[in-house]
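Here's the structure we're looking at; comments come further down.
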Amino acid sequence: MTSTLLIAFRHPVVRLSMIAIFLFGFTGAATSPYQSVIGITELGLSDAFYSILIFAAAAVNVAASLWVGVLADRIGNYRILLMTVMVFGVVGYGLVYAVPVPASFVFCTLVLLPVYNSTTSLLFANVRAIANASGGRDAAAINSGVRAAISVAWVLVPGLVALVLTGSGSMLPAYLLACLGCIVNLALVFVKLPAAAGPPAQISHRHSYLASFAEVLSPKVFARLMAVSLITSTLHVNAAVQPLIITGTAGGRVTDIGAIVGIVAFLEVVFIFVWARIQLHLHPVTALAAGTVLYAAYLALLAFSSAPWQIYALTPLSAFAAAALISIPITYIQDLIADRPGLGSSLISVNLFLSGGLSAILFALGTRFSDYSGTSLLGAFAGMLGFALLIYLDGRHTARPSAC
């Protein structure tokens with residue numbers, strides 16, 4: 001863990017990126033728990049309309065991330081793009097707070113905030129470009145350090161925001177806090193992030209938008225994206241069924257949900273660095289495959305849990321395996337288009353969209369033909385299906401050391 005942090009911290013731009021990604025995580029962690037409450041309860045959107053809105057926003061986020069990623073590769077200037085998308089965040093969060101009406105909420109959720117969410121792809125692209133410049137040796141350690149910063153935000157911020165909102169009749173101040181976080185982040189990038197030297201020396205046909213999108217959809221890239229999405233969809237399945245199993249067949253209380261989620265989130269931060277060390281000795285595919293098998297085993301054990309203590313006992317396994325599934329895929333996905341940091345990092349958003357859609361399908365099928373425990377087992381099966389596809393596509397490469 002210490003060596004991983006040293007690798008991540010020794011470059012000033014990576015240090016800045018870790019702070020920036022923490023502040024980005026701050027804005028999400030401050031608002032995501034309250035978004036549905038604000039949209040449905042406070043502003044009066046229907047459940048069906050809110051569901052369509054969230055799906056459409058996710059699709060816009062994918063398109064925006066891809067577009068921004070291609071643009072970043074074309075102009076080679078992450079600073080100006082980061083400041084631009086952060087302005088979208090300032091306006092998006094600020095407008096919802098200042099003008100709390102359904103129209104502003106829908107516009108910001110559907111247009112402004114999805115563009116702002118491409119911040120994470122740009123930051124990972126920026127640090128990947130740094131890793132590429134140093135031969136790519138430290139890519140896993142750098143990505144782990146930056147990814148851990150988001151997890152730290154999700155460990156610390158929800159509880160702090162809950163304290164701030166205690167006694168408040170509205171959840172809207174969470175959007176004000178997020179707006180302030182965006183302003184601080186924007187100022188940090190403006191003052192501290194050095195300007196790029198200029199666009200790449202050569203801009204080939206591959207940098208056109210159509211060619212870039214075709215590259216994403218090529219069988220070589222998209223098949224591997226589907227394998228990773230099947231694997232990471234298990235995280236979403238767990239997020240949906242774990243609270244229901246805790247308060248259902250396990251006979252737990254609502255307070256157990258918060259305690260278990262908090263324990264896992266804290267342990268994940270530690271285990272992210274452990275996996276970064278493991279990747280020094282294992283090929284990323286091997287490490288990801290190992291994490292997948294462990295998480296599938298966790299979901300299977302969760303399905304048969306019949307008491308709260310059993311789920312508490314599973315938290316180390318859950319956190320250790322989840323840490324692999326939220327950190328290792330970043331490097332693997334970027335390596336799919338390794339020479340295009342912007343486009344390669346935008347695939348992170350594509351993976352998030354695909355995994356979210358797959359998890360929704362799994363949840364619908366599982367709850368239609370079984371119960372929540374059966375849905376957990378279905379999630380484990382999907383993870384193992386992704387594992388099999390991953391091994392089929394890249395298993396032959398696992399014997400050699402990673403280039404990263």
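Identifiers for the structure tokens are assigned positionally: chains receive A, B, ... in sequence, residues are indexed from 1 per chain, and ligands are indexed from 1 in the order shown.
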
Selection: 12 Å around Leu244 (chain A), only C-alpha atoms, excl. self and same-chain fewer than 3 positions, as a list in words: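 Listing them by chain and then by number gives Val237, Asn238, Ala239, Ala240, Val241, Thr247, Gly248, Thr249, Ala250, Gly251, Gly252, Arg253, Val254, Asp256, Ile257, Leu302, Ala303, Ser305, Pro308, Thr367, Asp371, Tyr372, Ser373, Thr375 and Ser376 of chain A.
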
Can you write out the residues you just picked, keeping N, CA and C atoms, as a PDB file, in the first residue's frame?
```
ATOM      1  N   VAL A 237     -25.730  -5.745  -9.018  1.00  0.00           N
ATOM      2  CA  VAL A 237     -26.676  -6.744  -8.508  1.00  0.00           C
ATOM      3  C   VAL A 237     -26.594  -6.810  -6.993  1.00  0.00           C
ATOM      4  N   ASN A 238     -25.374  -6.814  -6.470  1.00  0.00           N
ATOM      5  CA  ASN A 238     -25.203  -6.852  -5.019  1.00  0.00           C
ATOM      6  C   ASN A 238     -25.812  -5.622  -4.357  1.00  0.00           C
ATOM      7  N   ALA A 239     -25.596  -4.448  -4.961  1.00  0.00           N
ATOM      8  CA  ALA A 239     -26.145  -3.214  -4.383  1.00  0.00           C
ATOM      9  C   ALA A 239     -27.669  -3.268  -4.306  1.00  0.00           C
ATOM     10  N   ALA A 240     -28.294  -3.975  -5.253  1.00  0.00           N
ATOM     11  CA  ALA A 240     -29.754  -4.066  -5.270  1.00  0.00           C
ATOM     12  C   ALA A 240     -30.278  -5.110  -4.293  1.00  0.00           C
ATOM     13  N   VAL A 241     -29.637  -6.285  -4.244  1.00  0.00           N
ATOM     14  CA  VAL A 241     -30.221  -7.389  -3.472  1.00  0.00           C
ATOM     15  C   VAL A 241     -29.711  -7.470  -2.037  1.00  0.00           C
ATOM     16  N   THR A 247     -32.604  -7.352   5.257  1.00  0.00           N
ATOM     17  CA  THR A 247     -33.858  -7.089   5.974  1.00  0.00           C
ATOM     18  C   THR A 247     -34.925  -8.145   5.702  1.00  0.00           C
ATOM     19  N   GLY A 248     -34.625  -9.091   4.808  1.00  0.00           N
ATOM     20  CA  GLY A 248     -35.587 -10.142   4.484  1.00  0.00           C
ATOM     21  C   GLY A 248     -35.202 -11.466   5.096  1.00  0.00           C
ATOM     22  N   THR A 249     -34.629 -12.341   4.299  1.00  0.00           N
ATOM     23  CA  THR A 249     -34.330 -13.700   4.768  1.00  0.00           C
ATOM     24  C   THR A 249     -33.323 -13.726   5.910  1.00  0.00           C
ATOM     25  N   ALA A 250     -32.441 -12.710   5.988  1.00  0.00           N
ATOM     26  CA  ALA A 250     -31.454 -12.687   7.070  1.00  0.00           C
ATOM     27  C   ALA A 250     -32.032 -12.140   8.371  1.00  0.00           C
ATOM     28  N   GLY A 251     -33.184 -11.502   8.300  1.00  0.00           N
ATOM     29  CA  GLY A 251     -33.845 -10.999   9.502  1.00  0.00           C
ATOM     30  C   GLY A 251     -33.138  -9.837  10.167  1.00  0.00           C
ATOM     31  N   GLY A 252     -32.388  -9.038   9.398  1.00  0.00           N
ATOM     32  CA  GLY A 252     -31.670  -7.900   9.963  1.00  0.00           C
ATOM     33  C   GLY A 252     -32.528  -6.649  10.027  1.00  0.00           C
ATOM     34  N   ARG A 253     -31.905  -5.574  10.499  1.00  0.00           N
ATOM     35  CA  ARG A 253     -32.594  -4.298  10.610  1.00  0.00           C
ATOM     36  C   ARG A 253     -32.039  -3.327   9.568  1.00  0.00           C
ATOM     37  N   VAL A 254     -32.733  -2.207   9.395  1.00  0.00           N
ATOM     38  CA  VAL A 254     -32.285  -1.188   8.449  1.00  0.00           C
ATOM     39  C   VAL A 254     -30.913  -0.656   8.843  1.00  0.00           C
ATOM     40  N   ASP A 256     -28.520  -2.267  10.016  1.00  0.00           N
ATOM     41  CA  ASP A 256     -27.494  -3.210   9.570  1.00  0.00           C
ATOM     42  C   ASP A 256     -27.032  -2.904   8.145  1.00  0.00           C
ATOM     43  N   ILE A 257     -27.947  -2.390   7.327  1.00  0.00           N
ATOM     44  CA  ILE A 257     -27.580  -2.057   5.946  1.00  0.00           C
ATOM     45  C   ILE A 257     -26.474  -1.010   5.930  1.00  0.00           C
ATOM     46  N   LEU A 302     -23.910 -15.078  -0.047  1.00  0.00           N
ATOM     47  CA  LEU A 302     -24.930 -14.108   0.354  1.00  0.00           C
ATOM     48  C   LEU A 302     -26.324 -14.686   0.128  1.00  0.00           C
ATOM     49  N   ALA A 303     -26.494 -15.416  -0.956  1.00  0.00           N
ATOM     50  CA  ALA A 303     -27.806 -15.990  -1.286  1.00  0.00           C
ATOM     51  C   ALA A 303     -28.291 -16.964  -0.210  1.00  0.00           C
ATOM     52  N   SER A 305     -27.413 -16.769   3.045  1.00  0.00           N
ATOM     53  CA  SER A 305     -27.310 -16.178   4.379  1.00  0.00           C
ATOM     54  C   SER A 305     -28.684 -16.134   5.031  1.00  0.00           C
ATOM     55  N   PRO A 308     -28.017 -11.995  10.220  1.00  0.00           N
ATOM     56  CA  PRO A 308     -27.165 -10.825   9.980  1.00  0.00           C
ATOM     57  C   PRO A 308     -25.680 -11.093  10.201  1.00  0.00           C
ATOM     58  N   THR A 367     -35.885 -11.605 -10.068  1.00  0.00           N
ATOM     59  CA  THR A 367     -37.065 -11.382  -9.226  1.00  0.00           C
ATOM     60  C   THR A 367     -38.338 -11.889  -9.897  1.00  0.00           C
ATOM     61  N   ASP A 371     -36.494 -15.444  -6.055  1.00  0.00           N
ATOM     62  CA  ASP A 371     -36.543 -14.407  -5.034  1.00  0.00           C
ATOM     63  C   ASP A 371     -35.210 -13.664  -5.036  1.00  0.00           C
ATOM     64  N   TYR A 372     -34.974 -12.843  -3.977  1.00  0.00           N
ATOM     65  CA  TYR A 372     -33.741 -12.057  -3.942  1.00  0.00           C
ATOM     66  C   TYR A 372     -32.511 -12.949  -3.816  1.00  0.00           C
ATOM     67  N   SER A 373     -32.620 -14.042  -3.110  1.00  0.00           N
ATOM     68  CA  SER A 373     -31.502 -14.982  -3.006  1.00  0.00           C
ATOM     69  C   SER A 373     -31.199 -15.603  -4.367  1.00  0.00           C
ATOM     70  N   THR A 375     -31.795 -14.192  -7.185  1.00  0.00           N
ATOM     71  CA  THR A 375     -31.206 -13.122  -7.985  1.00  0.00           C
ATOM     72  C   THR A 375     -29.722 -12.973  -7.686  1.00  0.00           C
ATOM     73  N   SER A 376     -29.352 -13.144  -6.427  1.00  0.00           N
ATOM     74  CA  SER A 376     -27.938 -13.102  -6.061  1.00  0.00           C
ATOM     75  C   SER A 376     -27.173 -14.231  -6.748  1.00  0.00           C
TER      76      SER A 376
END
```

Determine, counting only C-alpha atoms, which protein, DNA and RNA residues have an atom within 9 Å of an atom of Val164 (chain A); residues of the same chain fewer than 5 positions away are not included. Present the result as a list in words.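 So the residues in contact are Gly159, Pro173 and Ala174 of chain A.
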
Which neighbours of Ser51 (chain A) fall inside 12 Å, counting only C-alpha atoms, when residues of the same chain fewer than 3 positions from it are skipped, and could you give them as JSON, numbers by chain? {"A": [35, 36, 39, 40, 45, 46, 47, 48, 54, 55, 56, 57, 58, 106, 109, 110, 360]}

Please provide as a short mmCIF file (atom, residue, chain, number, x, y, z; two decimals) with N, CA, C and O atoms, in the first residue's frame all residues within 9 Å of region 378-388 of chain A, with the sequence filter that same-chain residues fewer than 2 positions apart are discarded (counting only C-alpha atoms).
```cif
data_model
loop_
_atom_site.label_atom_id
_atom_site.label_comp_id
_atom_site.auth_asym_id
_atom_site.auth_seq_id
_atom_site.Cartn_x
_atom_site.Cartn_y
_atom_site.Cartn_z
N MET A 226 -17.80 -6.28 -23.13
CA MET A 226 -18.94 -7.07 -22.65
C MET A 226 -18.50 -8.04 -21.56
O MET A 226 -19.23 -8.25 -20.58
N ALA A 227 -17.32 -8.62 -21.70
CA ALA A 227 -16.82 -9.53 -20.66
C ALA A 227 -16.65 -8.79 -19.35
O ALA A 227 -17.09 -9.26 -18.28
N VAL A 228 -16.04 -7.61 -19.41
CA VAL A 228 -15.83 -6.83 -18.18
C VAL A 228 -17.17 -6.33 -17.63
O VAL A 228 -17.38 -6.29 -16.41
N SER A 229 -18.09 -5.95 -18.52
CA SER A 229 -19.40 -5.47 -18.06
C SER A 229 -20.18 -6.56 -17.36
O SER A 229 -20.88 -6.29 -16.36
N LEU A 230 -20.11 -7.79 -17.86
CA LEU A 230 -20.75 -8.90 -17.16
C LEU A 230 -20.17 -9.06 -15.76
O LEU A 230 -20.89 -9.32 -14.79
N ILE A 231 -18.86 -8.91 -15.67
CA ILE A 231 -18.19 -9.05 -14.37
C ILE A 231 -18.60 -7.93 -13.43
O ILE A 231 -18.99 -8.17 -12.28
N THR A 232 -18.52 -6.68 -13.89
CA THR A 232 -18.81 -5.54 -13.00
C THR A 232 -20.31 -5.38 -12.74
O THR A 232 -20.69 -4.68 -11.80
N SER A 233 -21.16 -6.01 -13.57
CA SER A 233 -22.60 -5.95 -13.29
C SER A 233 -22.92 -6.61 -11.96
O SER A 233 -23.94 -6.29 -11.33
N THR A 234 -22.05 -7.52 -11.50
CA THR A 234 -22.28 -8.18 -10.22
C THR A 234 -22.26 -7.18 -9.06
O THR A 234 -22.95 -7.39 -8.05
N LEU A 235 -21.50 -6.11 -9.20
CA LEU A 235 -21.47 -5.08 -8.16
C LEU A 235 -22.83 -4.41 -8.04
O LEU A 235 -23.32 -4.14 -6.93
N VAL A 237 -25.73 -5.74 -9.02
CA VAL A 237 -26.68 -6.74 -8.51
C VAL A 237 -26.59 -6.81 -6.99
O VAL A 237 -27.62 -6.83 -6.29
N ASN A 238 -25.37 -6.81 -6.47
CA ASN A 238 -25.20 -6.85 -5.02
C ASN A 238 -25.81 -5.62 -4.36
O ASN A 238 -26.47 -5.72 -3.32
N LEU A 288 -7.88 -10.00 -12.43
CA LEU A 288 -9.31 -9.74 -12.58
C LEU A 288 -10.11 -11.03 -12.51
O LEU A 288 -11.20 -11.07 -11.91
N ALA A 289 -9.59 -12.10 -13.11
CA ALA A 289 -10.27 -13.39 -13.06
C ALA A 289 -10.38 -13.89 -11.62
O ALA A 289 -11.43 -14.40 -11.20
N ALA A 290 -9.31 -13.72 -10.86
CA ALA A 290 -9.32 -14.14 -9.46
C ALA A 290 -10.36 -13.34 -8.66
O ALA A 290 -11.12 -13.91 -7.87
N THR A 292 -13.01 -11.94 -9.82
CA THR A 292 -14.34 -12.33 -10.28
C THR A 292 -14.82 -13.60 -9.60
O THR A 292 -15.96 -13.69 -9.13
N VAL A 293 -13.94 -14.60 -9.53
CA VAL A 293 -14.30 -15.86 -8.88
C VAL A 293 -14.63 -15.62 -7.40
O VAL A 293 -15.62 -16.17 -6.87
N TYR A 295 -15.73 -12.83 -6.04
CA TYR A 295 -16.98 -12.09 -5.88
C TYR A 295 -18.18 -12.98 -6.19
O TYR A 295 -19.24 -12.86 -5.56
N ALA A 296 -18.04 -13.86 -7.17
CA ALA A 296 -19.12 -14.81 -7.45
C ALA A 296 -19.36 -15.72 -6.24
O ALA A 296 -20.51 -16.03 -5.89
N ALA A 297 -18.26 -16.14 -5.58
CA ALA A 297 -18.40 -16.96 -4.37
C ALA A 297 -19.11 -16.17 -3.27
O ALA A 297 -19.97 -16.72 -2.56
N TYR A 298 -18.78 -14.89 -3.16
CA TYR A 298 -19.46 -14.05 -2.15
C TYR A 298 -20.96 -13.97 -2.43
O TYR A 298 -21.78 -14.12 -1.51
N LEU A 299 -21.34 -13.72 -3.70
CA LEU A 299 -22.76 -13.61 -4.03
C LEU A 299 -23.50 -14.92 -3.75
O LEU A 299 -24.65 -14.91 -3.31
N ALA A 300 -22.83 -16.05 -4.01
CA ALA A 300 -23.45 -17.34 -3.72
C ALA A 300 -23.65 -17.52 -2.22
O ALA A 300 -24.71 -17.99 -1.77
N SER A 359 -27.18 -5.38 -15.19
CA SER A 359 -27.64 -5.66 -13.83
C SER A 359 -29.16 -5.46 -13.72
O SER A 359 -29.83 -6.20 -13.00
N LEU A 362 -30.66 -8.57 -15.13
CA LEU A 362 -30.48 -9.68 -14.19
C LEU A 362 -31.46 -9.56 -13.02
O LEU A 362 -32.04 -10.56 -12.58
N PHE A 363 -31.63 -8.34 -12.52
CA PHE A 363 -32.55 -8.14 -11.39
C PHE A 363 -33.98 -8.44 -11.81
O PHE A 363 -34.73 -9.08 -11.07
N LEU A 365 -35.01 -10.43 -14.27
CA LEU A 365 -35.16 -11.87 -14.48
C LEU A 365 -35.16 -12.62 -13.16
O LEU A 365 -35.97 -13.54 -12.94
N GLY A 366 -34.23 -12.25 -12.29
CA GLY A 366 -34.11 -12.95 -11.01
C GLY A 366 -35.35 -12.81 -10.15
O GLY A 366 -35.83 -13.80 -9.57
N SER A 373 -32.62 -14.04 -3.11
CA SER A 373 -31.50 -14.98 -3.01
C SER A 373 -31.20 -15.60 -4.37
O SER A 373 -30.03 -15.76 -4.75
N GLY A 374 -32.25 -15.96 -5.10
CA GLY A 374 -32.06 -16.49 -6.45
C GLY A 374 -31.43 -15.46 -7.37
O GLY A 374 -30.61 -15.80 -8.25
N THR A 375 -31.79 -14.19 -7.19
CA THR A 375 -31.21 -13.12 -7.99
C THR A 375 -29.72 -12.97 -7.69
O THR A 375 -28.91 -12.72 -8.59
N SER A 376 -29.35 -13.14 -6.43
CA SER A 376 -27.94 -13.10 -6.06
C SER A 376 -27.17 -14.23 -6.75
O SER A 376 -26.06 -14.04 -7.25
N LEU A 390 -13.78 -13.73 -20.57
CA LEU A 390 -12.48 -13.08 -20.40
C LEU A 390 -11.34 -14.07 -20.64
O LEU A 390 -10.37 -13.75 -21.34
N ILE A 391 -11.47 -15.25 -20.05
CA ILE A 391 -10.42 -16.26 -20.22
C ILE A 391 -10.36 -16.71 -21.67
O ILE A 391 -9.27 -16.93 -22.22
N TYR A 392 -11.51 -16.86 -22.33
CA TYR A 392 -11.53 -17.26 -23.74
C TYR A 392 -10.82 -16.23 -24.61
O TYR A 392 -10.06 -16.59 -25.53
N LEU A 393 -11.05 -14.93 -24.33
CA LEU A 393 -10.48 -13.88 -25.16
C LEU A 393 -9.01 -13.61 -24.85
O LEU A 393 -8.22 -13.36 -25.77
#
```

How far is it from CA of Val155 (chain A) to CA of Ala265 (chain A), in Å with one decimal?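 Separation of CA of Val155 (chain A) and CA of Ala265 (chain A): 5.9 Å.
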
Kindly indicate which residue among A:Thr120, A:Thr166, A:Asn143, A:Ser32 lies nearest to Arg15 (chain A), using only C-alpha atoms for the distances. A:Asn143

All helix (DSSP H, G or I) positions in region 79-256 of chain A, as JSON, numbers by chain: {"A": [79, 80, 81, 82, 83, 84, 85, 86, 87, 88, 89, 90, 91, 92, 93, 94, 95, 96, 97, 98, 102, 103, 104, 105, 106, 107, 108, 109, 110, 111, 112, 113, 114, 115, 116, 119, 120, 121, 122, 123, 124, 125, 126, 127, 128, 129, 130, 131, 132, 133, 139, 140, 141, 142, 143, 144, 145, 146, 147, 148, 149, 150, 151, 152, 153, 154, 155, 156, 157, 158, 159, 160, 161, 162, 163, 164, 165, 173, 174, 175, 176, 177, 178, 179, 180, 181, 182, 183, 184, 185, 186, 187, 188, 189, 190, 191, 192, 205, 206, 207, 209, 210, 211, 212, 213, 214, 215, 216, 217, 219, 220, 221, 222, 223, 224, 225, 226, 227, 228, 229, 230, 231, 232, 233, 234, 235, 236, 237, 238, 239, 240, 241, 242, 243, 244, 245, 246, 247, 254, 255, 256]}

Residue among A:Ala129, A:Leu172, A:Val91, A:Ala319 lying closest to Leu186 (chain A), counting only C-alpha atoms: A:Val91
